[in-house]
Structures are given as C-alpha cells and as structure tokens.
Amino acid sequence: MKTLVIIFLKDLLRNKMLGLMVLLVPLIFYPLIYWGITQFMLLRTAFSENTVITVKYHSETSEFGDLKDSLSAINNLIIEPGFFKQADTDNIYLTVRSQQGLPYFEVYVDSSNSSLLSMSAQIEKSLSKYYRSSVDRIVKENDYTPEYFQVYNIEMNDTEGDESVVVILKILSLLVPLFSIMSILGSCVAASVELASGHSEDKTSETTLTLPVERKVIMISKFISVSIYGILAGSLNFIFLTVFMMQIFRSFMGIIDQGIEGIGWSKIISFNTLFFSFVSLCLTAFFISLIFVTAAGFASKRKEGSVLVSPFMAAVTYIPLVIVIPALEPGILISAVPVLNVAFAMKLIISGDINTLFIIQTAIFSFLWTFTAYRYILPFLLDEEVLMGYSDTSLAKKIKGKLFKWKLK
Amino acid sequence: METKVKIENLSKHFSDPQRGLVKAVDNVSLEAFSGEIFGLLGPNGAGKTTTLRMMATLMRPDSGSISIAGYDTVSEPQKVRRSIGYLSSTTALYPRLSPREIISYFAQLNDYPSTELVTRVEKLISHFGIQDYADTYSEKLSTGMKQLTSIARTVVHDPPVLILDEPSTGLDVIVAQKIHHHIFELKNEGKTIIFSSHNMGEVEKLCDRIGIINKGKLLAAGTPDELREISKKHYMEDVFVFFVREYEKEIGYEKKEAACI
Ligand SMILES: Nc1ncnc2c1ncn2[C@@H]1O[C@H](COP(=O)(O)OP(=O)(O)OP(=O)(O)O)[C@@H](O)[C@H]1O
Ligand SMILES: [Mg+2]
C-alpha cells in the first residue's frame, strides 16, 4: 500500500499542469474575494455617512452648555436628551460630567453597527477638540502649566463588548471553510480523473492489477493518494486564506477608525481551531475522493472522466455555496449531509461556537457515510469491467450494454 | 518438460451495442512448457490481447480454465500474479516517474527481498542498456526506451512465466532485435514466454511453437515445421493464410449444412 501511494503521489505531485490548476484557484479567487470585500466595506462606509444618527445626551452639570453647539456642527447628527441604561444598537449615548472644572465624557456605542462606529469616531474628534479648548481656557485663566493636564478625557464604552472580533470571526468562519473545501474539491477532482480515468487510458492500471496486491488495496491507495493531494491543496489554501483575510481586516478596521490591536492571532488561530479544521479537512478530502475516484473509475479516458465527474462536482459545490452562506442553525439534518456537515462543523469551531452535539452527530454521520461507501460502493468498483474501463468506456454505453444483455436473454 | 501454462476450452464474449455478441475468444485450448517461447499469431481483433489478459488475471473467462505454474487464474489469482510478469500492449509506464523509480517500485510491489533490491535494479538497468536515461521522466523517453524499461519492469521479480502483448510492435529494427535478444535470454534462463504478434517473421524467428488465432478461434498449434508440414507451404505467411482459408471453408460448409436443414 505504501509503495503504491508513493507511486501515485509522486506521479500526481510532479504533474505540473495539475499543480498549476490547483494553484490557479487561489490566484483567481483571492483577488475576487479582496475585490468583493472592498466593495462591501466601501458601500457600508458610504452608506453610513448618509444615515442620520441620534445621540442621546445627558449632562450631570450645568457647565459646558456650548458643547451641544459644537456637536451639532457634525452632519447627520441629532441630539436628544436621554441617558444610557442598557445596550442599544441604534443610538449613541453621551454623558458629560465635570471633573475639576474640565469635562469628562462617557460614550456608549455598539461597534457592530458600522454607521454608529463611524459617527462615534466623528463625535470623538469633536469631543477631544472641545476638551482641549477647555484645557486651554483653564490654563489661561489660572496660569497653570499645561503638562499637568490629561490630554484626553473620553471614556469609550463598547456596549457589545468584543463585537468587532465577532464580526471578523463570522466572516472568517464562513469564507475559510468554504474556500478550503472548494480547493479540496478542485484538486480532488483533478487528481481522481488522473488516477482513475488516466490510469485506464495509459493502461498503467493493467500493470498494477497484475501485481500480487489485492485489488481493494489498489483502490484504497488511490483514495488515499487523492485525499492526501486534496489535503495538501486544502491546507495551503487554508493557511493562505487565513493570513490574507487577517491582512484585509487589519487594513479595513483601520479605515473605520477602530483599531483591532486587541484581536490577537491567538483568538483566531488556536490549537483547537487548527486541529479541528485539519481533521475536518482530512475527512472532507477522503469523502470527496471516494465520490470522485468512484465516478471517474467508470471512464477509461481522461476526457470522459471529467465529464462523469462534473455532475458530482456541481452537486457537491452547490451544497456549501448555497446552504452554508445563509447561516443556518446547526441541526441533525445538516449533520447528515456529507461534506456540508463538515463545512458547517468547521464554521462553528472557527467561530468559537463549539456545539458538541452537532460535532458528534457530524462525526457519526461521516463515519456512516464512509462505511456505506466502503461497504457498498467499493465492491461495485472492484468489478473487473469497471476497474479496467473494459467492454465499453463511458457509463452510458455500459448501461446500454447491460440492456442489450438483458434483451438477449 | 514441465507444463507451465495450460488453457482449456477458454471462451470470452463481449456484448457490443453495435456489433451484437462478439466472441473475442472461442473455445481455445493450448499448452506451454518451461523454457519455451510460445507465439500467438493472429490479425488485428483476433482475440490475442483478450486471451493474454485472461491469463494475466485481468479478466475473468466466461468459460474454460487457465492454469499458470499450477495455479488456477480464477480461484488463486494472487498466486498466479506472483508467478507472472505481464507486459501490456502499450508501454504503460507512469509518465512522471523515472525508469529507475518504476523498476524499483515494481520490485517492492512484487515483494522482492529488500536487501537485494538495489543490486537487482542496477543490474537490470545496465543489462537492458537503460543507464543513460534511468533518471529521466518516462514521458520524455522514446517508444523504444519505454519498451525496454517496460520489459525490465516486467521481469524485475524474476517470474517463471512471462506474458508479453506485442512486445516489438511499433519499434525500429534495432530495438526490436534487442528485444528479441532479451526474449531469447529469458528463454535460456528456463522461463516460459507467451507473446502475441501479427508479425510472421518475428514469430518464426523466436518461437518454439506457434498458435494461429483468428476471430477468437485457435486454428492450429505446433512447431513451425509441423505447421509447414500440415499446410505444405514454406513461408510462414502462406502457412498463416492457408489456415485462415481452411477455417473459412469450414465455416462455409457449416453454413451450407445449416441451409440444407
Ligand atoms: N472490452 C471489450 N469490450 C468489447 N469488445 C471487446 C473488448 N475487448 C476486446 N473486444 C473485442 O474482442 C475482439 C478481440 O480483441 P483483442 O483485443 O483481443 O484482439 P487482438 O488480437 O489483441 O487485436 P490487436 O492485434 O489489434 O491487438 C475484438 O473484436 C474486439 O473488438
Ligand atoms: Mg492486442
């Protein structure tokens, strides 16, 4: 088995065309993702600039009456009385106190609402300007040394806590598994067609099948080789994508004036996340390779192999693309759908929402599916006609042949 | 002489949507002994490859039996596979592996003792004259180089029976001569060699015994001299044509008989 896997993998890895195709996927997708996110972010900022936002204003002192005037210089801002009681996703709250004759501000803002966030940045600017002018006034009036004063007296409160991290995680947890799985799909398809249909076409399958090695072992070696190839491609993509996305978020969070210094890598890339992601990548790759090697096994030419594989490809990509995106609630139904369940579990784990029940269900179903494939699809594959691509080549012709035999009887 | 290959009443049919039932191999019986070269001679589509594939355990016979080195191909395929080296009609090398890699991996896959593996591989490489391109990917080799590599791969585990499907088709005279030379050598080592060809000259030169096959039927089998005697022709080409004509006459009679009834 080991020798066979080495042969198959060497032949695959040295295939430059195949490698190019696998590398091309990220090269095409990453700029697309970048462009998509840029557009999305710009749209949101543009949108937020035109939204009217209410600031609930509360003052604990009779001083600083001119503060309201300086705030109302900001566009699209309405000031109403009111003070902060509980988290509010629609309004910004501002409370002013007097501290030794200087204003002290408390701002409450929900940072997950980007319109509020950009408005709060403007408010912050205006407040710090007001604070500085107050300091200047006191310094002048009392002849104080300016160095004694705090440069800043604003307390920013994010009412949603770590919400910006959560947003990033949400997007990451959606895109990273999706694209990792897509890249596994792409590479597994290419590799399966090469190993199954290609080997029939080149007749190398004849030489392996006359070896004193069990046919099951030959098939399993093919599955394993294709999986390893898929895992390599998937992991590469996973790593690149994570780094790439982090870079994007760094720069964009900067634009919205909300530093994400607080978000360490450790929050996103922990050992658990990596471990579970890797395990799910492996599972996905193995399952996909089962499907594709089987499909391609029915063809004795590469061209026919690609044709046979395409409907499965469409089916399998369709699932993560269409169903994962509108964030579904994890449930037993999802955990029963192969590939999708693993994508979903990965999504949950990356976003730190570890739903043990769902993961166990996914594991059980994945095991069941793999077992079914091993038990019921493999023997079918081991049929000499299928293995060798004998008698007729494509599946359609094969069915015709069966019908013909039946007619003869 | 020891019987190494024994084929009895072997048949294989294919159902083809266009042509109907194709009798690719029809009730063929033959024997081959150790230290013998047996040639299957027949035109395109005669059923040579199908016969060899069944011998190599790649296909299951519809009826009849094949025993190789005393083992039945259907009930003991693994033991048969241990005793044969099979060369398919295309060179069938992994395109991105070098001859050295291919030969040594196949030695491993055939459970060749690992202590002697390297010596064996190097010996074969120099014996078949592959040294100059032993580390080039096989997709970059010429047909002749590929065929020599394939033969080295086929014999790497020193099997007693060799099944070669058209070993010299598509090669120039020089490489073909080299390959003939190697086939003779293998025979002298005591191996049983069964090969197919549609080249009369080659068959006449190499074979101890010849089986003439057409449309799935074995028309005659024997030493070249025996066949010449029966047909009363000198050249192998004429011998071949004689048996094919005879066969067609026979079929004609059958048809006539059928018409009478
Ligand atoms: N897998 C298959 N399905 C249907 N028919 C087949 C199959 N393999 C062989 N045949 C048919 O069986 C007959 C014998 O074919 P075979 O390949 O054994 O001929 P051959 O003697 O090797 O010819 P060649 O010299 O061209 O290699 C042919 O009519 C061929 O079309
Ligand atoms: Mg042939």
# chains A, B, ... in the order shown; residues from 1 in each chain; ligands from 1

call {"tool": "interface_residues", "arguments": {"of": "chain B", "to": "chain A", "cutoff": "9 Å", "atoms": "only C-alpha atoms", "output": "PyMOL selection string"}}
result
chain B and resi 14-17+20-21+53+56-60+77-97+101-102+105-106+108-111+154

call {"tool": "write_last_selection", "arguments": {"atoms": "N, CA and C atoms", "output": "compact mmCIF listing (two decimals), in the first residue's frame"}}
result
# COMPACT_ATOMS: atom_id res chain seq x y z
N PHE B 14 -18.06 -10.62 -25.55
CA PHE B 14 -18.43 -9.25 -25.19
C PHE B 14 -19.75 -8.94 -25.85
N SER B 15 -20.59 -8.19 -25.14
CA SER B 15 -21.80 -7.73 -25.82
C SER B 15 -21.55 -6.30 -26.23
N ASP B 16 -21.62 -6.08 -27.49
CA ASP B 16 -21.35 -4.75 -28.01
C ASP B 16 -22.62 -4.22 -28.64
N PRO B 17 -23.05 -3.00 -28.25
CA PRO B 17 -24.32 -2.48 -28.75
C PRO B 17 -24.38 -2.44 -30.28
N GLY B 20 -23.37 -6.50 -31.66
CA GLY B 20 -24.01 -7.66 -31.06
C GLY B 20 -23.02 -8.44 -30.23
N LEU B 21 -23.20 -9.75 -30.15
CA LEU B 21 -22.32 -10.56 -29.33
C LEU B 21 -21.00 -10.82 -30.06
N ARG B 53 -4.92 -11.22 -21.49
CA ARG B 53 -5.48 -10.54 -20.31
C ARG B 53 -6.11 -11.54 -19.36
N ALA B 56 -3.46 -13.18 -17.50
CA ALA B 56 -2.85 -12.29 -16.51
C ALA B 56 -3.80 -11.92 -15.38
N THR B 57 -4.92 -12.60 -15.27
CA THR B 57 -5.95 -12.37 -14.24
C THR B 57 -6.61 -11.00 -14.32
N LEU B 58 -6.51 -10.36 -15.49
CA LEU B 58 -7.14 -9.05 -15.63
C LEU B 58 -8.62 -9.19 -15.96
N MET B 59 -8.94 -10.32 -16.58
CA MET B 59 -10.34 -10.57 -16.97
C MET B 59 -10.69 -11.97 -16.55
N ARG B 60 -11.96 -12.15 -16.27
CA ARG B 60 -12.43 -13.47 -15.89
C ARG B 60 -12.95 -14.16 -17.15
N PRO B 77 -5.95 -16.25 -7.89
CA PRO B 77 -5.34 -15.19 -8.70
C PRO B 77 -4.04 -14.63 -8.10
N GLN B 78 -3.99 -14.54 -6.74
CA GLN B 78 -2.79 -13.94 -6.15
C GLN B 78 -1.55 -14.78 -6.43
N LYS B 79 -1.71 -16.11 -6.38
CA LYS B 79 -0.56 -16.98 -6.63
C LYS B 79 -0.15 -16.90 -8.09
N VAL B 80 -1.15 -16.77 -8.96
CA VAL B 80 -0.83 -16.62 -10.38
C VAL B 80 -0.05 -15.33 -10.59
N ARG B 81 -0.54 -14.24 -9.96
CA ARG B 81 0.11 -12.94 -10.14
C ARG B 81 1.56 -12.95 -9.67
N ARG B 82 1.82 -13.78 -8.64
CA ARG B 82 3.21 -13.90 -8.18
C ARG B 82 4.10 -14.59 -9.20
N SER B 83 3.48 -15.42 -10.06
CA SER B 83 4.29 -16.22 -10.98
C SER B 83 4.44 -15.60 -12.36
N ILE B 84 3.77 -14.45 -12.60
CA ILE B 84 3.83 -13.91 -13.95
C ILE B 84 4.42 -12.51 -14.00
N GLY B 85 4.91 -12.18 -15.18
CA GLY B 85 5.23 -10.80 -15.49
C GLY B 85 4.41 -10.47 -16.72
N TYR B 86 3.62 -9.38 -16.64
CA TYR B 86 2.73 -9.07 -17.76
C TYR B 86 3.13 -7.74 -18.39
N LEU B 87 3.30 -7.78 -19.70
CA LEU B 87 3.62 -6.56 -20.43
C LEU B 87 2.43 -6.24 -21.31
N SER B 88 1.76 -5.12 -21.04
CA SER B 88 0.57 -4.81 -21.84
C SER B 88 0.98 -4.21 -23.18
N SER B 89 0.02 -4.12 -24.09
CA SER B 89 0.39 -3.75 -25.46
C SER B 89 0.86 -2.30 -25.58
N THR B 90 0.42 -1.43 -24.67
CA THR B 90 1.03 -0.11 -24.64
C THR B 90 2.07 -0.16 -23.53
N THR B 91 3.03 0.75 -23.55
CA THR B 91 4.15 0.60 -22.61
C THR B 91 3.72 0.77 -21.15
N ALA B 92 2.63 1.53 -20.94
CA ALA B 92 2.03 1.63 -19.61
C ALA B 92 3.02 1.95 -18.50
N LEU B 93 3.74 3.05 -18.67
CA LEU B 93 4.64 3.50 -17.60
C LEU B 93 4.03 4.73 -16.96
N TYR B 94 4.30 4.94 -15.68
CA TYR B 94 3.84 6.17 -15.05
C TYR B 94 4.63 7.33 -15.64
N PRO B 95 3.95 8.27 -16.27
CA PRO B 95 4.66 9.27 -17.07
C PRO B 95 5.66 10.12 -16.29
N ARG B 96 5.41 10.37 -15.03
CA ARG B 96 6.30 11.26 -14.31
C ARG B 96 7.20 10.54 -13.30
N LEU B 97 7.41 9.26 -13.57
CA LEU B 97 8.37 8.51 -12.76
C LEU B 97 9.51 8.10 -13.70
N GLU B 101 13.01 4.55 -10.83
CA GLU B 101 11.94 4.53 -9.81
C GLU B 101 10.93 3.44 -10.14
N ILE B 102 10.51 3.39 -11.40
CA ILE B 102 9.48 2.42 -11.77
C ILE B 102 9.96 1.00 -11.50
N TYR B 105 10.20 0.37 -7.68
CA TYR B 105 8.90 0.28 -7.02
C TYR B 105 8.20 -1.03 -7.38
N PHE B 106 8.33 -1.44 -8.63
CA PHE B 106 7.67 -2.70 -9.01
C PHE B 106 8.33 -3.90 -8.35
N GLN B 108 9.55 -3.76 -5.34
CA GLN B 108 8.97 -3.72 -4.00
C GLN B 108 7.55 -4.27 -3.99
N LEU B 109 6.78 -3.85 -4.99
CA LEU B 109 5.38 -4.29 -5.03
C LEU B 109 5.28 -5.79 -5.25
N ASN B 110 6.28 -6.36 -5.90
CA ASN B 110 6.28 -7.81 -6.09
C ASN B 110 6.98 -8.52 -4.95
N ASP B 111 7.20 -7.80 -3.83
CA ASP B 111 7.82 -8.38 -2.64
C ASP B 111 9.22 -8.92 -2.91
N THR B 154 8.84 -5.72 -16.18
CA THR B 154 8.09 -6.97 -16.21
C THR B 154 8.88 -8.14 -15.60

call {"tool": "residues_near_ligand", "arguments": {"ligand": "ligand 1", "cutoff": "8 Å", "atoms": "only C-alpha atoms and all ligand atoms", "output": "PyMOL selection string"}}
result
(chain A and resi 385+389-392) or (chain B and resi 13-16+22-25+42-51+89+165-166+196-198+214-216)

call {"tool": "closest_residue", "arguments": {"among": "B:Val156, B:Leu206, B:Val74, B:Leu164", "to": "ligand 2", "atoms": "only C-alpha atoms and all ligand atoms"}}
result
B:Leu164

call {"tool": "select_by_dssp", "arguments": {"residues": "stretch 132-169 of chain B", "states": "helix (DSSP H, G or I)", "output": "MDAnalysis selection string"}}
result
chainID B and resid 132:133 138:140 143:155

call {"tool": "write_last_selection", "arguments": {"atoms": "C-alpha atoms", "output": "PDB file, in the first residue's frame"}}
result
ATOM      1  CA  ASP B 132      21.723   6.880 -19.943  1.00  0.00           C
ATOM      2  CA  TYR B 133      18.127   7.762 -19.242  1.00  0.00           C
ATOM      3  CA  SER B 138       9.420   8.291 -18.687  1.00  0.00           C
ATOM      4  CA  GLU B 139       7.058  10.649 -20.503  1.00  0.00           C
ATOM      5  CA  LYS B 140      10.165  12.115 -22.154  1.00  0.00           C
ATOM      6  CA  THR B 143       8.964   4.399 -27.647  1.00  0.00           C
ATOM      7  CA  GLY B 144      11.981   2.075 -27.771  1.00  0.00           C
ATOM      8  CA  MET B 145      13.365   3.336 -24.459  1.00  0.00           C
ATOM      9  CA  LYS B 146       9.954   2.977 -22.898  1.00  0.00           C
ATOM     10  CA  GLN B 147       9.572  -0.572 -24.160  1.00  0.00           C
ATOM     11  CA  LEU B 148      12.969  -1.624 -22.798  1.00  0.00           C
ATOM     12  CA  THR B 149      12.026  -0.080 -19.450  1.00  0.00           C
ATOM     13  CA  SER B 150       8.692  -1.888 -19.526  1.00  0.00           C
ATOM     14  CA  ILE B 151      10.375  -5.211 -20.132  1.00  0.00           C
ATOM     15  CA  ALA B 152      12.846  -4.612 -17.328  1.00  0.00           C
ATOM     16  CA  ARG B 153       9.866  -3.796 -15.102  1.00  0.00           C
ATOM     17  CA  THR B 154       8.090  -6.975 -16.211  1.00  0.00           C
ATOM     18  CA  VAL B 155      10.999  -9.262 -15.322  1.00  0.00           C
TER      19      VAL B 155
END

call {"tool": "closest_residue", "arguments": {"among": "B:Cys207, B:Leu124, B:Leu41, B:Val244", "to": "ligand 2", "atoms": "only C-alpha atoms and all ligand atoms"}}
result
B:Leu41

call {"tool": "atom_distance", "arguments": {"atom1": "atom CA of A:Thr284", "atom2": "atom CA of A:Pro31"}}
result
25.3 Å

call {"tool": "closest_residue", "arguments": {"among": "B:Ala107, B:Ile7, B:Ile125, B:Leu52", "to": "ligand 2", "atoms": "only C-alpha atoms and all ligand atoms"}}
result
B:Leu52
